[in-house]
Amino acid sequence: MQHKFNFRKPTWYIVSKNHCGITRTPPEPNTFSFTILQTPSTPTVQDKDLCALSGVEISWEGITGANGYNLRVARTKIIQDVTSPYTYEQGNSNPNSYEIRAKNSLCTTSWSTSNPGVDTDGTPSTPSITSIGDVDPCAQSAIKIYHNPGSPATRYDLYRNGKKVIENYTSGDRYNPGSTSSFNYLIWKWGKIRKGI
């Protein structure tokens with residue numbers, strides 16, 4: 001919304017005076033106008049990549065009469081002259097609040113309503129195999145592989161010598177390798193957001 005106001009100042013004259021008298025110009029009122037800026041609406045805040053610390057993207061609608069915007073983070077840090085959309089990288093996953101204000105050469109608005117945002121790093125941490133036990137040392141039967149969970153995770157797969165042998169493997173389940181040979185085992189974890197070890 002744009003508001004324009006006209007303010008009338010005292011009327012001004014140019015006066016000439018000498019011994020013959022006084023003359024003056026026709027009255028010329030001096031007027032001026034300016035635009036009152038509207039406070040920006042609440043900005044939108046979106047994580048750019050849920051799988052990495054890549055920053056959050058802040059967007060807002062432009063304000064008529066504004067020629068610049070400031071961003072305030074966590075009510076303390078002010079970043080001058082930002083444009084929408086703006087990417088803010090804080091390097092961690094701590095929650096923050098984000099506010100926008102508009103400005104021009106004459107005025108600066110109050111801060112918008114704040115909007116919270118978090119730069120999530122959903123990369124799963126690596127699980128680890130804690131022990132492998134032979135179910136029957138006297139016969140080729142099965143082994144049990146125990147592992148620590150990673151976080152976050154939705155599924156664990158068991159790999160032998162680089163090839164997947166069991167999908168949705170649960171720690172301590174029986175697995176029959178079909179051989180008495182020695183193998184290398186790996187637990188592959190699937191995260192809530194993307195795949196990973």
# chains A, B, ... in the order shown; residues from 1 in each chain; ligands from 1
call {"tool": "residues_around", "arguments": {"residues": "A:Asn148", "least_positions_apart": "3", "cutoff": "8 Å", "atoms": "only C-alpha atoms", "output": "mmCIF file with N, CA and C atoms, in the first residue's frame"}}
result
data_model
loop_
_atom_site.group_PDB
_atom_site.id
_atom_site.type_symbol
_atom_site.label_atom_id
_atom_site.label_comp_id
_atom_site.auth_asym_id
_atom_site.auth_seq_id
_atom_site.Cartn_x
_atom_site.Cartn_y
_atom_site.Cartn_z
ATOM 1 N N PRO A 127 27.396 -46.315 10.663
ATOM 2 C CA PRO A 127 27.301 -47.394 11.652
ATOM 3 C C PRO A 127 28.618 -48.165 11.709
ATOM 4 N N SER A 128 28.780 -48.982 12.738
ATOM 5 C CA SER A 128 30.009 -49.775 12.863
ATOM 6 C C SER A 128 29.669 -51.186 13.323
ATOM 7 N N ILE A 129 30.362 -52.166 12.733
ATOM 8 C CA ILE A 129 30.199 -53.557 13.154
ATOM 9 C C ILE A 129 30.966 -53.759 14.453
ATOM 10 N N THR A 130 30.257 -54.265 15.463
ATOM 11 C CA THR A 130 30.882 -54.462 16.781
ATOM 12 C C THR A 130 31.406 -55.875 16.968
ATOM 13 N N SER A 171 20.581 -56.011 13.236
ATOM 14 C CA SER A 171 21.758 -56.408 14.015
ATOM 15 C C SER A 171 21.482 -57.697 14.781
#
call {"tool": "closest_residue", "arguments": {"among": "A:Thr44, A:Gln38, A:Ser114, A:Thr23", "to": "A:Gly65", "atoms": "only C-alpha atoms"}}
result
A:Gln38
call {"tool": "closest_atom_pairs", "arguments": {"of": "stretch 8-125 of chain A", "to": "stretch 150-163 of chain A", "cutoff": "12 Å", "atoms": "only C-alpha atoms", "output": "JSON lines"}}
result
{"residue": "A:Cys51", "atom": "CA", "partner": "A:Pro152", "partner_atom": "CA", "distance": 11.2}
{"residue": "A:Asp121", "atom": "CA", "partner": "A:Pro152", "partner_atom": "CA", "distance": 10.3}
{"residue": "A:Gly122", "atom": "CA", "partner": "A:Pro152", "partner_atom": "CA", "distance": 7.2}
{"residue": "A:Thr123", "atom": "CA", "partner": "A:Pro152", "partner_atom": "CA", "distance": 7.7}
{"residue": "A:Pro124", "atom": "CA", "partner": "A:Pro152", "partner_atom": "CA", "distance": 5.3}
{"residue": "A:Ser125", "atom": "CA", "partner": "A:Gly150", "partner_atom": "CA", "distance": 4.9}
call {"tool": "residues_around", "arguments": {"residues": "A:Arg72", "least_positions_apart": "3", "cutoff": "9 Å", "atoms": "only C-alpha atoms", "output": "mmCIF file with N, CA and C atoms, in the first residue's frame"}}
result
data_model
loop_
_atom_site.group_PDB
_atom_site.id
_atom_site.type_symbol
_atom_site.label_atom_id
_atom_site.label_comp_id
_atom_site.auth_asym_id
_atom_site.auth_seq_id
_atom_site.Cartn_x
_atom_site.Cartn_y
_atom_site.Cartn_z
ATOM 1 N N ARG A 75 17.450 -11.796 15.892
ATOM 2 C CA ARG A 75 17.197 -10.502 16.547
ATOM 3 C C ARG A 75 18.469 -9.759 16.949
ATOM 4 N N THR A 76 19.615 -10.212 16.466
ATOM 5 C CA THR A 76 20.876 -9.570 16.860
ATOM 6 C C THR A 76 21.740 -9.181 15.663
ATOM 7 N N LYS A 77 21.861 -10.042 14.681
ATOM 8 C CA LYS A 77 22.763 -9.798 13.553
ATOM 9 C C LYS A 77 21.985 -9.165 12.410
ATOM 10 N N ILE A 78 22.435 -8.007 11.943
ATOM 11 C CA ILE A 78 21.780 -7.287 10.848
ATOM 12 C C ILE A 78 22.689 -7.313 9.619
ATOM 13 N N ILE A 79 22.133 -7.756 8.507
ATOM 14 C CA ILE A 79 22.852 -7.797 7.232
ATOM 15 C C ILE A 79 22.230 -6.752 6.317
ATOM 16 N N GLN A 80 23.042 -5.819 5.849
ATOM 17 C CA GLN A 80 22.564 -4.695 5.059
ATOM 18 C C GLN A 80 22.412 -5.065 3.581
ATOM 19 N N SER A 97 15.733 -17.077 13.991
ATOM 20 C CA SER A 97 14.596 -16.306 13.482
ATOM 21 C C SER A 97 15.104 -15.328 12.433
ATOM 22 N N TYR A 98 14.236 -15.008 11.466
ATOM 23 C CA TYR A 98 14.615 -14.142 10.353
ATOM 24 C C TYR A 98 13.554 -13.072 10.154
ATOM 25 N N GLU A 99 14.009 -11.812 10.014
ATOM 26 C CA GLU A 99 13.116 -10.675 9.819
ATOM 27 C C GLU A 99 13.657 -9.786 8.705
ATOM 28 N N ILE A 100 12.744 -9.068 8.049
ATOM 29 C CA ILE A 100 13.102 -8.175 6.944
ATOM 30 C C ILE A 100 12.541 -6.782 7.225
ATOM 31 N N ARG A 101 13.290 -5.762 6.846
ATOM 32 C CA ARG A 101 12.738 -4.410 6.842
ATOM 33 C C ARG A 101 13.118 -3.717 5.531
ATOM 34 N N TRP A 111 10.679 -3.825 11.661
ATOM 35 C CA TRP A 111 10.975 -5.186 11.227
ATOM 36 C C TRP A 111 9.686 -5.965 10.994
ATOM 37 N N SER A 114 8.821 -12.160 12.536
ATOM 38 C CA SER A 114 9.915 -13.107 12.333
ATOM 39 C C SER A 114 9.390 -14.467 11.896
#
call {"tool": "residues_around", "arguments": {"residues": "A:Ala52", "least_positions_apart": "2", "cutoff": "12 Å", "atoms": "only C-alpha atoms", "output": "list of chain:residue names"}}
result
A:Asp47, A:Lys48, A:Asp49, A:Leu50, A:Ser54, A:Gly55, A:Val56, A:Glu89, A:Gly91, A:Asn92, A:Ser93, A:Val118, A:Asp119, A:Thr120, A:Asp121, A:Gly122, A:Thr123, A:Pro124, A:Ile193, A:Arg194
call {"tool": "residues_around", "arguments": {"residues": "A:Pro43", "least_positions_apart": "6", "cutoff": "10 Å", "atoms": "only C-alpha atoms", "output": "list of chain:residue names"}}
result
A:Glu57, A:Ile58, A:Ser59, A:Trp60, A:Glu61, A:Leu71, A:Ser84, A:Pro85, A:Tyr98, A:Glu99, A:Ile100, A:Ser112, A:Thr113, A:Ser114, A:Asn115, A:Pro116
call {"tool": "select_by_dssp", "arguments": {"residues": "stretch 84-178 of chain A", "states": "strand (DSSP E)", "output": "PyMOL selection string"}}
result
chain A and resi 86-88+96-103+115-117+128-134+143-148+155-160+163-166+174-175
call {"tool": "closest_residue", "arguments": {"among": "A:Asp134, A:Asp81, A:Gly68, A:Ser41", "to": "A:Cys107", "atoms": "only C-alpha atoms"}}
result
A:Gly68
call {"tool": "atom_distance", "arguments": {"atom1": "atom CA of A:Ser105", "atom2": "atom CA of A:Val82"}}
result
15.8 Å
call {"tool": "atom_distance", "arguments": {"atom1": "atom CA of A:Tyr88", "atom2": "atom CA of A:Asn104"}}
result
22.9 Å
call {"tool": "atom_distance", "arguments": {"atom1": "atom CA of A:Pro137", "atom2": "atom CA of A:Lys189"}}
result
29.0 Å
call {"tool": "decode", "arguments": {"residues": "stretch 15-120 of chain A", "atoms": "C-alpha atoms", "output": "PDB file, in the first residue's frame"}}
result
ATOM      1  CA  VAL A  15      10.575  41.105  -2.475  1.00  0.00           C
ATOM      2  CA  SER A  16      12.345  44.044  -4.118  1.00  0.00           C
ATOM      3  CA  LYS A  17      12.633  47.301  -2.217  1.00  0.00           C
ATOM      4  CA  ASN A  18      14.141  50.695  -2.893  1.00  0.00           C
ATOM      5  CA  HIS A  19      13.307  54.347  -2.224  1.00  0.00           C
ATOM      6  CA  CYS A  20      10.461  54.147  -4.749  1.00  0.00           C
ATOM      7  CA  GLY A  21       8.566  51.368  -3.042  1.00  0.00           C
ATOM      8  CA  ILE A  22       8.246  47.608  -2.654  1.00  0.00           C
ATOM      9  CA  THR A  23       7.397  44.987  -5.242  1.00  0.00           C
ATOM     10  CA  ARG A  24       6.981  41.252  -4.785  1.00  0.00           C
ATOM     11  CA  THR A  25       6.453  38.216  -6.920  1.00  0.00           C
ATOM     12  CA  PRO A  26       3.148  36.362  -6.960  1.00  0.00           C
ATOM     13  CA  PRO A  27       2.822  34.003  -3.985  1.00  0.00           C
ATOM     14  CA  GLU A  28       4.520  30.641  -4.511  1.00  0.00           C
ATOM     15  CA  PRO A  29       3.565  28.024  -1.934  1.00  0.00           C
ATOM     16  CA  ASN A  30       6.297  25.463  -1.299  1.00  0.00           C
ATOM     17  CA  THR A  31       4.997  21.875  -1.188  1.00  0.00           C
ATOM     18  CA  PHE A  32       6.634  18.460  -1.029  1.00  0.00           C
ATOM     19  CA  SER A  33       5.489  14.837  -0.932  1.00  0.00           C
ATOM     20  CA  PHE A  34       6.908  11.483   0.174  1.00  0.00           C
ATOM     21  CA  THR A  35       5.878   7.826   0.306  1.00  0.00           C
ATOM     22  CA  ILE A  36       5.335   5.996   3.579  1.00  0.00           C
ATOM     23  CA  LEU A  37       6.835   2.521   3.242  1.00  0.00           C
ATOM     24  CA  GLN A  38       4.787  -0.467   4.249  1.00  0.00           C
ATOM     25  CA  THR A  39       6.424  -2.962   6.615  1.00  0.00           C
ATOM     26  CA  PRO A  40       7.291  -6.152   4.700  1.00  0.00           C
ATOM     27  CA  SER A  41       5.205  -9.258   5.304  1.00  0.00           C
ATOM     28  CA  THR A  42       6.674 -12.281   7.067  1.00  0.00           C
ATOM     29  CA  PRO A  43       9.501 -13.744   4.945  1.00  0.00           C
ATOM     30  CA  THR A  44       9.543 -17.384   3.914  1.00  0.00           C
ATOM     31  CA  VAL A  45      12.512 -19.460   5.096  1.00  0.00           C
ATOM     32  CA  GLN A  46      13.454 -22.717   3.390  1.00  0.00           C
ATOM     33  CA  ASP A  47      16.371 -25.104   3.875  1.00  0.00           C
ATOM     34  CA  LYS A  48      18.257 -25.259   0.562  1.00  0.00           C
ATOM     35  CA  ASP A  49      19.446 -28.843   1.032  1.00  0.00           C
ATOM     36  CA  LEU A  50      18.079 -31.093   3.785  1.00  0.00           C
ATOM     37  CA  CYS A  51      21.117 -33.351   3.406  1.00  0.00           C
ATOM     38  CA  ALA A  52      23.858 -30.786   3.998  1.00  0.00           C
ATOM     39  CA  LEU A  53      24.716 -27.551   5.782  1.00  0.00           C
ATOM     40  CA  SER A  54      24.043 -25.422   2.709  1.00  0.00           C
ATOM     41  CA  GLY A  55      22.207 -22.474   4.265  1.00  0.00           C
ATOM     42  CA  VAL A  56      18.599 -21.319   4.299  1.00  0.00           C
ATOM     43  CA  GLU A  57      16.928 -19.275   1.582  1.00  0.00           C
ATOM     44  CA  ILE A  58      14.923 -16.243   2.743  1.00  0.00           C
ATOM     45  CA  SER A  59      12.352 -14.713   0.366  1.00  0.00           C
ATOM     46  CA  TRP A  60       9.941 -11.802   0.713  1.00  0.00           C
ATOM     47  CA  GLU A  61       7.611  -9.623  -1.362  1.00  0.00           C
ATOM     48  CA  GLY A  62       8.902  -6.299  -2.605  1.00  0.00           C
ATOM     49  CA  ILE A  63       7.588  -3.037  -1.132  1.00  0.00           C
ATOM     50  CA  THR A  64       6.522  -0.097  -3.300  1.00  0.00           C
ATOM     51  CA  GLY A  65       8.923   2.805  -2.860  1.00  0.00           C
ATOM     52  CA  ALA A  66      11.695   0.736  -1.282  1.00  0.00           C
ATOM     53  CA  ASN A  67      15.175   0.702  -2.770  1.00  0.00           C
ATOM     54  CA  GLY A  68      16.781  -1.681  -0.287  1.00  0.00           C
ATOM     55  CA  TYR A  69      16.210  -4.258   2.433  1.00  0.00           C
ATOM     56  CA  ASN A  70      17.950  -5.366   5.616  1.00  0.00           C
ATOM     57  CA  LEU A  71      17.879  -8.850   7.142  1.00  0.00           C
ATOM     58  CA  ARG A  72      17.968  -9.480  10.893  1.00  0.00           C
ATOM     59  CA  VAL A  73      19.003 -12.915  12.151  1.00  0.00           C
ATOM     60  CA  ALA A  74      18.175 -14.107  15.671  1.00  0.00           C
ATOM     61  CA  ARG A  75      17.197 -10.502  16.547  1.00  0.00           C
ATOM     62  CA  THR A  76      20.876  -9.570  16.860  1.00  0.00           C
ATOM     63  CA  LYS A  77      22.763  -9.798  13.553  1.00  0.00           C
ATOM     64  CA  ILE A  78      21.780  -7.287  10.848  1.00  0.00           C
ATOM     65  CA  ILE A  79      22.852  -7.797   7.232  1.00  0.00           C
ATOM     66  CA  GLN A  80      22.564  -4.695   5.059  1.00  0.00           C
ATOM     67  CA  ASP A  81      21.299  -4.431   1.479  1.00  0.00           C
ATOM     68  CA  VAL A  82      20.049  -7.954   0.821  1.00  0.00           C
ATOM     69  CA  THR A  83      17.918  -8.997  -2.143  1.00  0.00           C
ATOM     70  CA  SER A  84      15.198 -11.639  -2.365  1.00  0.00           C
ATOM     71  CA  PRO A  85      15.856 -14.541  -2.387  1.00  0.00           C
ATOM     72  CA  TYR A  86      18.845 -14.366  -0.063  1.00  0.00           C
ATOM     73  CA  THR A  87      20.908 -17.341   1.125  1.00  0.00           C
ATOM     74  CA  TYR A  88      22.168 -17.182   4.702  1.00  0.00           C
ATOM     75  CA  GLU A  89      24.793 -19.711   5.806  1.00  0.00           C
ATOM     76  CA  GLN A  90      25.446 -20.009   9.529  1.00  0.00           C
ATOM     77  CA  GLY A  91      27.439 -23.257   9.477  1.00  0.00           C
ATOM     78  CA  ASN A  92      25.347 -25.195  11.994  1.00  0.00           C
ATOM     79  CA  SER A  93      21.839 -26.528  12.569  1.00  0.00           C
ATOM     80  CA  ASN A  94      20.812 -24.194  15.380  1.00  0.00           C
ATOM     81  CA  PRO A  95      17.343 -22.685  14.893  1.00  0.00           C
ATOM     82  CA  ASN A  96      17.223 -18.967  14.095  1.00  0.00           C
ATOM     83  CA  SER A  97      14.596 -16.306  13.482  1.00  0.00           C
ATOM     84  CA  TYR A  98      14.615 -14.142  10.353  1.00  0.00           C
ATOM     85  CA  GLU A  99      13.116 -10.675   9.819  1.00  0.00           C
ATOM     86  CA  ILE A 100      13.102  -8.175   6.944  1.00  0.00           C
ATOM     87  CA  ARG A 101      12.738  -4.410   6.842  1.00  0.00           C
ATOM     88  CA  ALA A 102      12.464  -2.086   3.848  1.00  0.00           C
ATOM     89  CA  LYS A 103      14.165   1.254   3.345  1.00  0.00           C
ATOM     90  CA  ASN A 104      14.672   4.145   0.946  1.00  0.00           C
ATOM     91  CA  SER A 105      16.544   7.415   1.090  1.00  0.00           C
ATOM     92  CA  LEU A 106      14.044   8.902   3.559  1.00  0.00           C
ATOM     93  CA  CYS A 107      12.528   6.109   5.615  1.00  0.00           C
ATOM     94  CA  THR A 108      13.186   2.726   7.187  1.00  0.00           C
ATOM     95  CA  THR A 109      10.302   0.479   8.192  1.00  0.00           C
ATOM     96  CA  SER A 110       9.948  -1.544  11.353  1.00  0.00           C
ATOM     97  CA  TRP A 111      10.975  -5.186  11.227  1.00  0.00           C
ATOM     98  CA  SER A 112       8.597  -7.731   9.755  1.00  0.00           C
ATOM     99  CA  THR A 113       7.159 -10.559  11.807  1.00  0.00           C
ATOM    100  CA  SER A 114       9.915 -13.107  12.333  1.00  0.00           C
ATOM    101  CA  ASN A 115       9.935 -16.560  10.779  1.00  0.00           C
ATOM    102  CA  PRO A 116      12.030 -19.421  12.204  1.00  0.00           C
ATOM    103  CA  GLY A 117      14.331 -21.564  10.102  1.00  0.00           C
ATOM    104  CA  VAL A 118      16.862 -24.372  10.504  1.00  0.00           C
ATOM    105  CA  ASP A 119      19.706 -25.436   8.209  1.00  0.00           C
ATOM    106  CA  THR A 120      19.304 -29.206   8.575  1.00  0.00           C
TER     107      THR A 120
END
